[in-house]
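Colleague: Data file entry.cif (mmCIF, C-alpha atoms) is appended below.
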data_model
loop_
_atom_site.label_atom_id
_atom_site.label_comp_id
_atom_site.auth_asym_id
_atom_site.auth_seq_id
_atom_site.Cartn_x
_atom_site.Cartn_y
_atom_site.Cartn_z
CA MET A 1 9.26 3.28 -6.74
CA LEU A 2 9.74 0.47 -9.23
CA THR A 3 10.68 -2.87 -7.70
CA ILE A 4 11.98 -5.19 -10.39
CA HIS A 5 13.88 -8.47 -10.72
CA HIS A 6 17.47 -8.09 -11.94
CA LYS A 7 16.86 -10.61 -14.74
CA LEU A 8 14.20 -8.33 -16.22
CA VAL A 9 16.54 -5.33 -16.08
CA GLU A 10 19.28 -7.37 -17.75
CA ALA A 11 16.86 -8.53 -20.45
CA MET A 12 15.81 -4.93 -21.23
CA ILE A 13 19.44 -3.77 -21.42
CA SER A 14 20.50 -6.66 -23.61
CA GLN A 15 17.58 -6.09 -26.01
CA ALA A 16 18.39 -2.35 -26.16
CA MET A 17 22.07 -2.99 -26.84
CA SER A 18 21.33 -5.48 -29.58
CA ASP A 19 18.86 -3.10 -31.29
CA HIS A 20 21.17 -0.07 -31.01
CA PRO A 21 21.26 2.35 -32.86
CA ILE A 22 17.54 1.70 -33.49
CA GLU A 23 15.34 2.40 -30.46
CA THR A 24 14.15 -0.73 -28.72
CA CYS A 25 10.79 -1.05 -26.98
CA GLY A 26 8.67 -3.45 -24.99
CA VAL A 27 6.34 -4.05 -22.09
CA ILE A 28 6.52 -6.03 -18.86
CA ALA A 29 3.14 -7.32 -17.75
CA GLY A 30 2.13 -8.22 -14.23
CA PRO A 31 -1.05 -9.05 -12.30
CA ALA A 32 -3.43 -6.07 -12.37
CA GLY A 33 -3.23 -4.00 -9.22
CA TYR A 34 -0.03 -5.61 -7.84
CA ASN A 35 2.60 -3.27 -9.27
CA LEU A 36 4.96 -6.19 -9.89
CA PRO A 37 6.55 -6.68 -13.32
CA LEU A 38 6.74 -10.35 -14.33
CA ARG A 39 6.28 -11.18 -18.01
CA LEU A 40 8.62 -9.36 -20.39
CA ILE A 41 7.39 -8.98 -23.97
CA PRO A 42 9.79 -7.37 -26.47
CA MET A 43 7.79 -5.33 -28.98
CA LYS A 44 8.55 -4.58 -32.59
CA ASN A 45 9.40 -0.90 -33.11
CA ILE A 46 7.42 -0.21 -36.26
CA ALA A 47 9.14 3.20 -36.60
CA GLN A 48 12.58 1.51 -36.90
CA SER A 49 14.10 4.85 -35.99
CA GLU A 50 17.06 6.08 -33.98
CA ASN A 51 14.92 8.73 -32.29
CA PHE A 52 11.35 7.38 -32.26
CA PHE A 53 9.52 4.21 -31.33
CA ARG A 54 6.01 2.94 -31.82
CA PHE A 55 4.72 -0.50 -30.85
CA ASP A 56 3.60 -2.45 -33.91
CA PRO A 57 -0.20 -1.91 -33.73
CA GLN A 58 -1.06 -5.50 -34.66
CA GLN A 59 1.31 -6.96 -32.07
CA GLN A 60 0.06 -4.45 -29.50
CA LEU A 61 -3.55 -5.60 -29.97
CA LEU A 62 -2.58 -9.25 -29.46
CA VAL A 63 -0.42 -8.51 -26.42
CA TRP A 64 -3.07 -6.24 -24.84
CA LYS A 65 -5.78 -8.88 -25.40
CA GLU A 66 -3.57 -11.53 -23.87
CA MET A 67 -2.86 -9.37 -20.83
CA ASP A 68 -6.59 -8.74 -20.42
CA ALA A 69 -7.37 -12.48 -20.65
CA ARG A 70 -4.71 -13.22 -18.01
CA GLY A 71 -5.84 -10.48 -15.61
CA GLU A 72 -2.65 -8.52 -16.21
CA GLU A 73 -1.80 -4.92 -17.00
CA PRO A 74 1.30 -3.20 -18.37
CA ILE A 75 3.48 -2.60 -15.30
CA VAL A 76 6.57 -1.41 -17.18
CA ILE A 77 6.70 0.23 -20.60
CA TYR A 78 10.30 0.53 -21.74
CA HIS A 79 12.25 1.98 -24.62
CA SER A 80 15.81 3.05 -25.29
CA HIS A 81 17.38 6.41 -25.98
CA THR A 82 20.19 5.81 -28.39
CA SER A 83 21.84 9.24 -28.39
CA SER A 84 20.20 11.31 -25.65
CA GLN A 85 20.01 11.06 -21.88
CA ALA A 86 17.60 8.63 -20.21
CA TYR A 87 14.94 11.25 -19.54
CA PRO A 88 11.49 11.34 -21.21
CA SER A 89 11.40 13.44 -24.36
CA ARG A 90 8.51 15.77 -25.08
CA ALA A 91 6.96 13.06 -27.29
CA ASP A 92 7.38 10.50 -24.48
CA ALA A 93 5.44 12.75 -22.11
CA GLU A 94 2.75 13.69 -24.64
CA LEU A 95 2.07 10.13 -25.75
CA ALA A 96 2.13 8.37 -22.38
CA THR A 97 -1.32 6.87 -21.76
CA GLU A 98 -0.84 4.32 -18.98
CA PRO A 99 -0.96 6.23 -15.69
CA GLN A 100 -0.30 3.10 -13.63
CA ALA A 101 2.81 2.12 -15.63
CA HIS A 102 6.46 2.71 -14.89
CA TYR A 103 8.08 4.26 -17.96
CA VAL A 104 11.63 2.88 -18.10
CA ILE A 105 14.30 4.36 -20.36
CA ILE A 106 17.48 2.49 -21.26
CA PRO A 107 20.34 4.67 -22.50
CA THR A 108 22.52 2.95 -25.08
CA ALA A 109 24.82 5.79 -26.13
CA SER A 110 26.96 5.74 -23.01
CA LEU A 111 27.84 2.87 -20.69
CA ASN A 112 28.10 5.30 -17.79
CA GLU A 113 24.41 6.21 -17.75
CA GLU A 114 21.93 4.24 -15.69
CA VAL A 115 18.51 2.88 -16.57
CA ARG A 116 15.91 5.28 -15.14
CA SER A 117 12.19 5.04 -14.37
CA PHE A 118 9.40 7.61 -14.46
CA ARG A 119 5.69 7.99 -13.86
CA ILE A 120 3.98 10.10 -16.50
CA ILE A 121 0.50 11.39 -15.71
CA ASP A 122 -1.20 14.12 -17.75
CA GLN A 123 2.17 14.84 -19.41
CA MET A 124 3.75 15.45 -16.02
CA VAL A 125 6.99 13.50 -15.53
CA ILE A 126 8.09 12.32 -12.11
CA GLU A 127 11.27 10.31 -11.71
CA GLU A 128 11.19 7.43 -9.27
CA ARG A 129 13.73 5.15 -7.65
CA ILE A 130 14.36 1.68 -9.08
CA ARG A 131 14.85 -1.10 -6.53
CA ILE A 132 16.47 -4.07 -8.23
CA VAL A 133 15.86 -7.32 -6.37
CA HIS A 134 17.52 -10.69 -6.82
CA GLN A 135 14.50 -12.76 -6.08
CA TYR A 136 10.73 -12.66 -6.05
CA GLN A 137 8.60 -15.13 -4.14
CA PRO A 138 9.31 -18.55 -5.75
CA GLU A 139 5.81 -18.99 -7.22
CA LEU A 140 6.09 -15.60 -8.90
CA GLU A 141 9.51 -16.35 -10.37
CA LEU A 142 7.94 -19.27 -12.23
CA GLN A 143 5.68 -16.80 -14.04
CA MET A 144 8.60 -14.61 -15.03
CA VAL A 145 9.81 -14.73 -18.58
CA ALA A 146 13.02 -12.92 -19.35
CA MET B 147 -27.24 -3.44 -34.06
CA PRO B 148 -25.10 -3.26 -30.94
CA ILE B 149 -21.31 -3.41 -31.30
CA LYS B 150 -19.11 -4.19 -28.33
CA VAL B 151 -16.55 -1.42 -27.88
CA ILE B 152 -13.49 -2.00 -25.70
CA ILE B 153 -12.37 1.15 -23.91
CA PRO B 154 -8.72 1.72 -22.90
CA THR B 155 -7.72 2.69 -19.35
CA ILE B 156 -7.03 6.31 -20.28
CA LEU B 157 -10.59 6.87 -21.59
CA ARG B 158 -12.47 5.05 -18.83
CA PRO B 159 -12.96 8.22 -16.79
CA LEU B 160 -15.29 9.26 -19.66
CA THR B 161 -17.27 5.98 -19.64
CA ASN B 162 -17.94 5.77 -15.90
CA GLN B 163 -14.97 3.39 -15.67
CA GLN B 164 -16.64 0.82 -17.94
CA LYS B 165 -14.14 -1.41 -19.79
CA HIS B 166 -16.60 -2.19 -22.53
CA ILE B 167 -19.80 -0.65 -23.73
CA HIS B 168 -22.38 -1.63 -26.34
CA ILE B 169 -23.19 0.93 -29.00
CA ASP B 170 -25.35 0.71 -32.13
CA GLY B 171 -23.85 1.52 -35.51
CA PHE B 172 -23.17 0.25 -39.01
CA LYS B 173 -19.87 2.10 -39.37
CA VAL B 174 -17.01 2.98 -37.04
CA SER B 175 -17.86 6.69 -37.42
CA GLU B 176 -21.50 6.06 -36.41
CA VAL B 177 -20.41 4.19 -33.30
CA ILE B 178 -18.10 7.06 -32.37
CA ASP B 179 -20.90 9.64 -32.90
CA ARG B 180 -23.29 7.62 -30.71
CA MET B 181 -20.59 7.16 -28.08
CA GLU B 182 -20.20 10.94 -28.01
CA GLN B 183 -23.94 11.32 -27.27
CA GLN B 184 -23.69 8.97 -24.30
CA TYR B 185 -20.19 9.89 -23.14
CA PRO B 186 -19.54 13.50 -24.13
CA GLY B 187 -15.90 14.35 -24.79
CA ILE B 188 -14.86 10.96 -26.09
CA LYS B 189 -15.02 11.82 -29.79
CA ALA B 190 -12.38 14.54 -29.51
CA LYS B 191 -10.03 11.94 -28.03
CA LEU B 192 -10.47 9.66 -31.04
CA VAL B 193 -11.00 11.78 -34.12
CA SER B 194 -9.55 14.94 -35.58
CA GLU B 195 -10.32 16.47 -38.96
CA GLY B 196 -12.32 13.49 -40.11
CA ASN B 197 -9.70 10.84 -39.38
CA ALA B 198 -8.74 8.74 -36.42
CA HIS B 199 -6.00 10.45 -34.39
CA ARG B 200 -2.54 9.41 -35.53
CA PHE B 201 -1.70 7.90 -32.15
CA ILE B 202 -5.03 6.17 -31.54
CA ASN B 203 -5.35 2.63 -32.90
CA ILE B 204 -8.88 1.46 -33.69
CA TYR B 205 -9.47 -2.16 -34.60
CA VAL B 206 -12.55 -4.01 -35.81
CA ASN B 207 -12.08 -7.51 -34.50
CA ASP B 208 -8.34 -8.02 -35.14
CA ASN B 209 -8.01 -5.57 -38.03
CA ASP B 210 -6.57 -2.07 -37.79
CA ILE B 211 -9.06 0.25 -39.52
CA ARG B 212 -6.13 2.09 -41.17
CA PHE B 213 -5.79 -0.91 -43.45
CA GLN B 214 -9.54 -1.03 -44.08
CA GLU B 215 -11.67 2.00 -44.78
CA GLY B 216 -10.72 4.09 -41.76
CA LEU B 217 -13.71 5.60 -39.96
CA ALA B 218 -15.96 4.43 -42.83
CA THR B 219 -15.15 0.78 -42.05
CA SER B 220 -18.44 -1.09 -41.85
CA LEU B 221 -19.55 -3.19 -38.92
CA GLN B 222 -21.59 -6.34 -38.63
CA GLU B 223 -23.49 -7.85 -35.77
CA GLY B 224 -21.09 -9.52 -33.35
CA ASP B 225 -18.11 -7.35 -34.31
CA VAL B 226 -15.86 -6.05 -31.55
CA MET B 227 -14.33 -2.60 -31.87
CA THR B 228 -11.16 -2.08 -29.81
CA ILE B 229 -9.66 1.33 -29.07
CA LEU B 230 -6.00 1.35 -28.00
CA PRO B 231 -3.80 4.40 -27.69
CA ALA B 232 -0.53 3.75 -29.52
CA VAL B 233 2.47 3.17 -27.28
CA ALA B 234 5.02 5.49 -28.80
CA GLY B 235 7.57 8.16 -28.03
CA GLY B 236 10.93 9.54 -28.90
#
Please go through the file and, once you have read it, give me the structure as structure tokens.
Modeller:
Amino acid sequence: MLTIHHKLVEAMISQAMSDHPIETCGVIAGPAGYNLPLRLIPMKNIAQSENFFRFDPQQQLLVWKEMDARGEEPIVIYHSHTSSQAYPSRADAELATEPQAHYVIIPTASLNEEVRSFRIIDQMVIEERIRIVHQYQPELELQMVA
Amino acid sequence: MPIKVIIPTILRPLTNQQKHIHIDGFKVSEVIDRMEQQYPGIKAKLVSEGNAHRFINIYVNDNDIRFQEGLATSLQEGDVMTILPAVAGG
């Protein structure tokens, strides 16, 4: 299960809507081992495509180094699906390389579809529940950027 | 001439869970060949048909080797080689 602050969900949706019809993408970092998303970092989709995304490699290096220096790991890796349902594509499953991460997909084609979350391990996709909370512990909220 | 190599989470099962290792080499390809001797199986995760895999990013210090000389990119003492799987999908 992914437990996540509503402000982070709103930030992902608003980024996805503003990038539509291009796929949006990003990462939410959190303290390593705590499974709690805190610091949202929108990433540049170097593919600039309606059906593919790839983090800009230069930005990814900087963000990954920063997470390492702060004792963080990617808790959520998110992207949008701009014309298909919010379920991992074959490419999503094949290219997933963070077994501890929650892979979140934001559908932007239809307002009726919900944001969904998945674990992807060895190309196996397992959907999980998202629990949206309205507050974290106060000291953690201070670390949250959304 | 040892080069510090930073190993991503997904490959740490091959390096006894080490986050970084020190490997000798004057070129990226030499470092990868020596890594393969110590940690068999790792080369196939990084290289295919003489090039870095399309969805593996390799950097020397802060520079993506795609914009240098690829696997032939030379290394100097003190360089850090970072391996990061691309985050990508459809």
Colleague: For chain A against chain B, with a cut-off of 8 Å and counting all atoms listed in the file, what is the closest atom pair and its distance in Å to one decimal for every residue that makes the cut, ordered by chain and number, as CSV?
Modeller:
residue,atom,partner,partner_atom,distance
A:Asn51,CA,B:Gly236,CA,5.3
A:Phe52,CA,B:Gly236,CA,4.0
A:Phe53,CA,B:Ala234,CA,5.3
A:Arg54,CA,B:Ala234,CA,4.1
A:Phe55,CA,B:Val233,CA,5.6
A:Pro57,CA,B:Asn203,CA,6.9
A:Gln58,CA,B:Asp210,CA,7.2
A:Leu61,CA,B:Asp208,CA,7.5
A:His81,CA,B:Gly236,CA,7.7
A:Pro88,CA,B:Gly236,CA,7.9
A:Ser89,CA,B:Gly236,CA,6.0
A:Arg90,CA,B:Gly236,CA,7.7
A:Ala91,CA,B:Gly235,CA,5.0
A:Asp92,CA,B:Gly235,CA,4.3
A:Ala93,CA,B:Gly235,CA,7.8
A:Leu95,CA,B:Gly235,CA,6.3
A:Ala96,CA,B:Val233,CA,7.2
A:Thr97,CA,B:Ile156,CA,5.9
A:Glu98,CA,B:Ile156,CA,6.6
A:Pro99,CA,B:Ile156,CA,7.6
Colleague: List the residues selected by the PyMOL selection byres ((chain A and resi 10-17) around 9) in the file shown, writing them as a list of chain:residue names.
Modeller: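 Given this file, the PyMOL selection byres ((chain A and resi 10-17) around 9) evaluates to A:His5, A:His6, A:Lys7, A:Leu8, A:Val9, A:Ser18, A:Asp19, A:His20, A:Pro21, A:Ile22, A:Glu23, A:Thr24, A:Cys25, A:Gly26, A:Leu40, A:Pro42, A:Tyr78, A:His79, A:Ser80, A:His81, A:Thr82, A:Ile106, A:Pro107, A:Thr108, A:Val115, A:Ala146.
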Colleague: Could the residues in this selection be written to a file with C-alpha atoms, as a PDB file, in the coordinates of the input?
Modeller:
ATOM      1  CA  HIS A   5      13.880  -8.470 -10.720  1.00  0.00           C
ATOM      2  CA  HIS A   6      17.470  -8.090 -11.940  1.00  0.00           C
ATOM      3  CA  LYS A   7      16.860 -10.610 -14.740  1.00  0.00           C
ATOM      4  CA  LEU A   8      14.200  -8.330 -16.220  1.00  0.00           C
ATOM      5  CA  VAL A   9      16.540  -5.330 -16.080  1.00  0.00           C
ATOM      6  CA  SER A  18      21.330  -5.480 -29.580  1.00  0.00           C
ATOM      7  CA  ASP A  19      18.860  -3.100 -31.290  1.00  0.00           C
ATOM      8  CA  HIS A  20      21.170  -0.070 -31.010  1.00  0.00           C
ATOM      9  CA  PRO A  21      21.260   2.350 -32.860  1.00  0.00           C
ATOM     10  CA  ILE A  22      17.540   1.700 -33.490  1.00  0.00           C
ATOM     11  CA  GLU A  23      15.340   2.400 -30.460  1.00  0.00           C
ATOM     12  CA  THR A  24      14.150  -0.730 -28.720  1.00  0.00           C
ATOM     13  CA  CYS A  25      10.790  -1.050 -26.980  1.00  0.00           C
ATOM     14  CA  GLY A  26       8.670  -3.450 -24.990  1.00  0.00           C
ATOM     15  CA  LEU A  40       8.620  -9.360 -20.390  1.00  0.00           C
ATOM     16  CA  PRO A  42       9.790  -7.370 -26.470  1.00  0.00           C
ATOM     17  CA  TYR A  78      10.300   0.530 -21.740  1.00  0.00           C
ATOM     18  CA  HIS A  79      12.250   1.980 -24.620  1.00  0.00           C
ATOM     19  CA  SER A  80      15.810   3.050 -25.290  1.00  0.00           C
ATOM     20  CA  HIS A  81      17.380   6.410 -25.980  1.00  0.00           C
ATOM     21  CA  THR A  82      20.190   5.810 -28.390  1.00  0.00           C
ATOM     22  CA  ILE A 106      17.480   2.490 -21.260  1.00  0.00           C
ATOM     23  CA  PRO A 107      20.340   4.670 -22.500  1.00  0.00           C
ATOM     24  CA  THR A 108      22.520   2.950 -25.080  1.00  0.00           C
ATOM     25  CA  VAL A 115      18.510   2.880 -16.570  1.00  0.00           C
ATOM     26  CA  ALA A 146      13.020 -12.920 -19.350  1.00  0.00           C
TER      27      ALA A 146
END
Colleague: Apply the PyMOL selection byres ((chain A and resi 65-77) around 7) to the structure shown and report the selected residues as a list of chain:residue names.
Modeller: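 Expected selection for the PyMOL selection byres ((chain A and resi 65-77) around 7) here is A:Gly26, A:Val27, A:Ile28, A:Ala29, A:Gly30, A:Pro31, A:Ala32, A:Asn35, A:Leu36, A:Pro37, A:Leu61, A:Leu62, A:Val63, A:Trp64, A:Tyr78, A:Ala101, A:His102, A:Tyr103, A:Val104.
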Colleague: What does the distance between CA of Lys165 in chain B and CA of Gln183 in chain B come to in Å, to one decimal place?
Modeller: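 If I compute the distance from CA of Lys165 in chain B to CA of Gln183 in chain B, I get 17.7 Å.
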Colleague: Report the distance between CA of Arg116 in chain A and CA of Ala86 in chain A in Å, rounded to one decimal place.
Modeller: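 Computed distance, CA of Arg116 in chain A to CA of Ala86 in chain A, equals 6.3 Å.
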Colleague: Up to 12 Å from (-25.3, 6.2, -36.8) in the file's coordinates: name the residues, counting all atoms listed in the file, as a ChimeraX atom specification.
Modeller: /B:147-149,169-183,218,220-221
Colleague: CA of Ala47 in chain A to CA of Ile4 in chain A: how many Å, to one decimal?
Modeller: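 Distance reported for this atom pair: 27.7 Å.
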Colleague: Mind telling me what the PyMOL selection byres ((chain B and resi 150) around 7) catches here, as a JSON list (two decimals) with C-alpha atoms, in the frame of the given file?
Modeller:
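Ended up saving to out-v3.json:
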[["chain", "number", "residue", "atom", "x", "y", "z"],
["B", 148, "PRO", "CA", -25.10, -3.26, -30.94],
["B", 149, "ILE", "CA", -21.31, -3.41, -31.30],
["B", 151, "VAL", "CA", -16.55, -1.42, -27.88],
["B", 152, "ILE", "CA", -13.49, -2.00, -25.70],
["B", 166, "HIS", "CA", -16.60, -2.19, -22.53],
["B", 167, "ILE", "CA", -19.80, -0.65, -23.73],
["B", 168, "HIS", "CA", -22.38, -1.63, -26.34],
["B", 169, "ILE", "CA", -23.19, 0.93, -29.00],
["B", 225, "ASP", "CA", -18.11, -7.35, -34.31],
["B", 226, "VAL", "CA", -15.86, -6.05, -31.55],
["B", 227, "MET", "CA", -14.33, -2.60, -31.87]]
Colleague: For the point (-19.8, 7.5, -22.2) in file coordinates, what residues are within 7 Å, counting all atoms listed in the file? Give the answer as a list in words?
Modeller: Leu160, Thr161, Asn162, Met181, Glu182, Gln184, Tyr185 and Pro186 of chain B
Colleague: Got a minute to add all heavy atoms to range 131-142 of chain A and dump it as a JSON list (two decimals), in the coordinates of the input?
Modeller:
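Result went into rebuild_27.json, see below:
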[["chain", "number", "residue", "atom", "x", "y", "z"],
["A", 131, "ARG", "N", 14.27, -0.14, -7.48],
["A", 131, "ARG", "CA", 14.85, -1.10, -6.53],
["A", 131, "ARG", "C", 14.98, -2.43, -7.26],
["A", 131, "ARG", "O", 13.97, -3.05, -7.61],
["A", 131, "ARG", "CB", 13.96, -1.24, -5.30],
["A", 131, "ARG", "CG", 14.59, -2.12, -4.21],
["A", 131, "ARG", "CD", 13.84, -1.97, -2.89],
["A", 131, "ARG", "NE", 12.52, -2.58, -2.98],
["A", 131, "ARG", "CZ", 12.19, -3.76, -2.43],
["A", 131, "ARG", "NH1", 13.08, -4.46, -1.77],
["A", 131, "ARG", "NH2", 10.96, -4.23, -2.56],
["A", 132, "ILE", "N", 16.23, -2.82, -7.51],
["A", 132, "ILE", "CA", 16.47, -4.07, -8.23],
["A", 132, "ILE", "C", 16.62, -5.18, -7.20],
["A", 132, "ILE", "O", 17.45, -5.08, -6.30],
["A", 132, "ILE", "CB", 17.72, -3.95, -9.13],
["A", 132, "ILE", "CG1", 17.48, -2.85, -10.18],
["A", 132, "ILE", "CG2", 18.04, -5.28, -9.79],
["A", 132, "ILE", "CD1", 18.66, -2.55, -11.06],
["A", 133, "VAL", "N", 15.81, -6.22, -7.35],
["A", 133, "VAL", "CA", 15.86, -7.32, -6.37],
["A", 133, "VAL", "C", 16.39, -8.58, -7.05],
["A", 133, "VAL", "O", 16.32, -8.72, -8.28],
["A", 133, "VAL", "CB", 14.48, -7.58, -5.73],
["A", 133, "VAL", "CG1", 14.03, -6.35, -4.95],
["A", 133, "VAL", "CG2", 13.44, -7.96, -6.77],
["A", 134, "HIS", "N", 16.93, -9.48, -6.25],
["A", 134, "HIS", "CA", 17.52, -10.69, -6.82],
["A", 134, "HIS", "C", 16.60, -11.88, -6.72],
["A", 134, "HIS", "O", 16.89, -12.94, -7.25],
["A", 134, "HIS", "CB", 18.91, -10.93, -6.22],
["A", 134, "HIS", "CG", 19.90, -9.96, -6.79],
["A", 134, "HIS", "ND1", 20.67, -10.23, -7.89],
["A", 134, "HIS", "CD2", 20.15, -8.66, -6.47],
["A", 134, "HIS", "CE1", 21.38, -9.16, -8.21],
["A", 134, "HIS", "NE2", 21.07, -8.19, -7.36],
["A", 135, "GLN", "N", 15.51, -11.72, -6.00],
["A", 135, "GLN", "CA", 14.50, -12.76, -6.08],
["A", 135, "GLN", "C", 13.11, -12.20, -5.79],
["A", 135, "GLN", "O", 12.96, -11.21, -5.09],
["A", 135, "GLN", "CB", 14.82, -13.92, -5.15],
["A", 135, "GLN", "CG", 15.04, -13.51, -3.70],
["A", 135, "GLN", "CD", 15.46, -14.71, -2.88],
["A", 135, "GLN", "OE1", 16.08, -15.64, -3.38],
["A", 135, "GLN", "NE2", 15.12, -14.70, -1.60],
["A", 136, "TYR", "N", 12.13, -12.86, -6.40],
["A", 136, "TYR", "CA", 10.73, -12.66, -6.05],
["A", 136, "TYR", "C", 10.33, -13.87, -5.23],
["A", 136, "TYR", "O", 11.12, -14.81, -5.05],
["A", 136, "TYR", "CB", 9.86, -12.63, -7.32],
["A", 136, "TYR", "CG", 9.93, -11.38, -8.18],
["A", 136, "TYR", "CD1", 9.47, -11.44, -9.50],
["A", 136, "TYR", "CD2", 10.39, -10.15, -7.70],
["A", 136, "TYR", "CE1", 9.48, -10.32, -10.32],
["A", 136, "TYR", "CE2", 10.40, -9.03, -8.53],
["A", 136, "TYR", "CZ", 9.95, -9.11, -9.83],
["A", 136, "TYR", "OH", 9.95, -8.01, -10.65],
["A", 137, "GLN", "N", 9.10, -13.89, -4.75],
["A", 137, "GLN", "CA", 8.60, -15.13, -4.14],
["A", 137, "GLN", "C", 8.68, -16.24, -5.20],
["A", 137, "GLN", "O", 8.40, -15.98, -6.36],
["A", 137, "GLN", "CB", 7.14, -14.96, -3.71],
["A", 137, "GLN", "CG", 6.97, -13.97, -2.58],
["A", 137, "GLN", "CD", 5.50, -13.62, -2.38],
["A", 137, "GLN", "OE1", 4.63, -14.44, -2.68],
["A", 137, "GLN", "NE2", 5.23, -12.44, -1.89],
["A", 138, "PRO", "N", 9.05, -17.48, -4.78],
["A", 138, "PRO", "CA", 9.31, -18.55, -5.75],
["A", 138, "PRO", "C", 8.17, -18.78, -6.75],
["A", 138, "PRO", "O", 8.41, -18.96, -7.93],
["A", 138, "PRO", "CB", 9.50, -19.79, -4.87],
["A", 138, "PRO", "CG", 9.87, -19.26, -3.53],
["A", 138, "PRO", "CD", 9.26, -17.91, -3.40],
["A", 139, "GLU", "N", 6.91, -18.71, -6.29],
["A", 139, "GLU", "CA", 5.81, -18.99, -7.22],
["A", 139, "GLU", "C", 5.69, -17.89, -8.28],
["A", 139, "GLU", "O", 5.24, -18.13, -9.40],
["A", 139, "GLU", "CB", 4.48, -19.24, -6.49],
["A", 139, "GLU", "CG", 3.91, -18.04, -5.75],
["A", 139, "GLU", "CD", 4.42, -17.93, -4.32],
["A", 139, "GLU", "OE1", 5.50, -18.46, -4.02],
["A", 139, "GLU", "OE2", 3.72, -17.31, -3.51],
["A", 140, "LEU", "N", 6.13, -16.68, -7.92],
["A", 140, "LEU", "CA", 6.09, -15.60, -8.90],
["A", 140, "LEU", "C", 7.23, -15.73, -9.91],
["A", 140, "LEU", "O", 7.07, -15.41, -11.08],
["A", 140, "LEU", "CB", 6.18, -14.24, -8.19],
["A", 140, "LEU", "CG", 4.96, -13.88, -7.36],
["A", 140, "LEU", "CD1", 5.22, -12.59, -6.59],
["A", 140, "LEU", "CD2", 3.73, -13.71, -8.26],
["A", 141, "GLU", "N", 8.38, -16.21, -9.45],
["A", 141, "GLU", "CA", 9.51, -16.35, -10.37],
["A", 141, "GLU", "C", 9.17, -17.32, -11.49],
["A", 141, "GLU", "O", 9.65, -17.17, -12.61],
["A", 141, "GLU", "CB", 10.77, -16.82, -9.63],
["A", 141, "GLU", "CG", 11.29, -15.75, -8.69],
["A", 141, "GLU", "CD", 12.79, -15.79, -8.51],
["A", 141, "GLU", "OE1", 13.46, -16.60, -9.17],
["A", 141, "GLU", "OE2", 13.28, -14.99, -7.70],
["A", 142, "LEU", "N", 8.32, -18.30, -11.20],
["A", 142, "LEU", "CA", 7.94, -19.27, -12.23],
["A", 142, "LEU", "C", 7.16, -18.60, -13.36],
["A", 142, "LEU", "O", 7.16, -19.06, -14.50],
["A", 142, "LEU", "CB", 7.09, -20.39, -11.62],
["A", 142, "LEU", "CG", 7.84, -21.33, -10.69],
["A", 142, "LEU", "CD1", 6.88, -22.32, -10.05],
["A", 142, "LEU", "CD2", 8.92, -22.09, -11.47]]
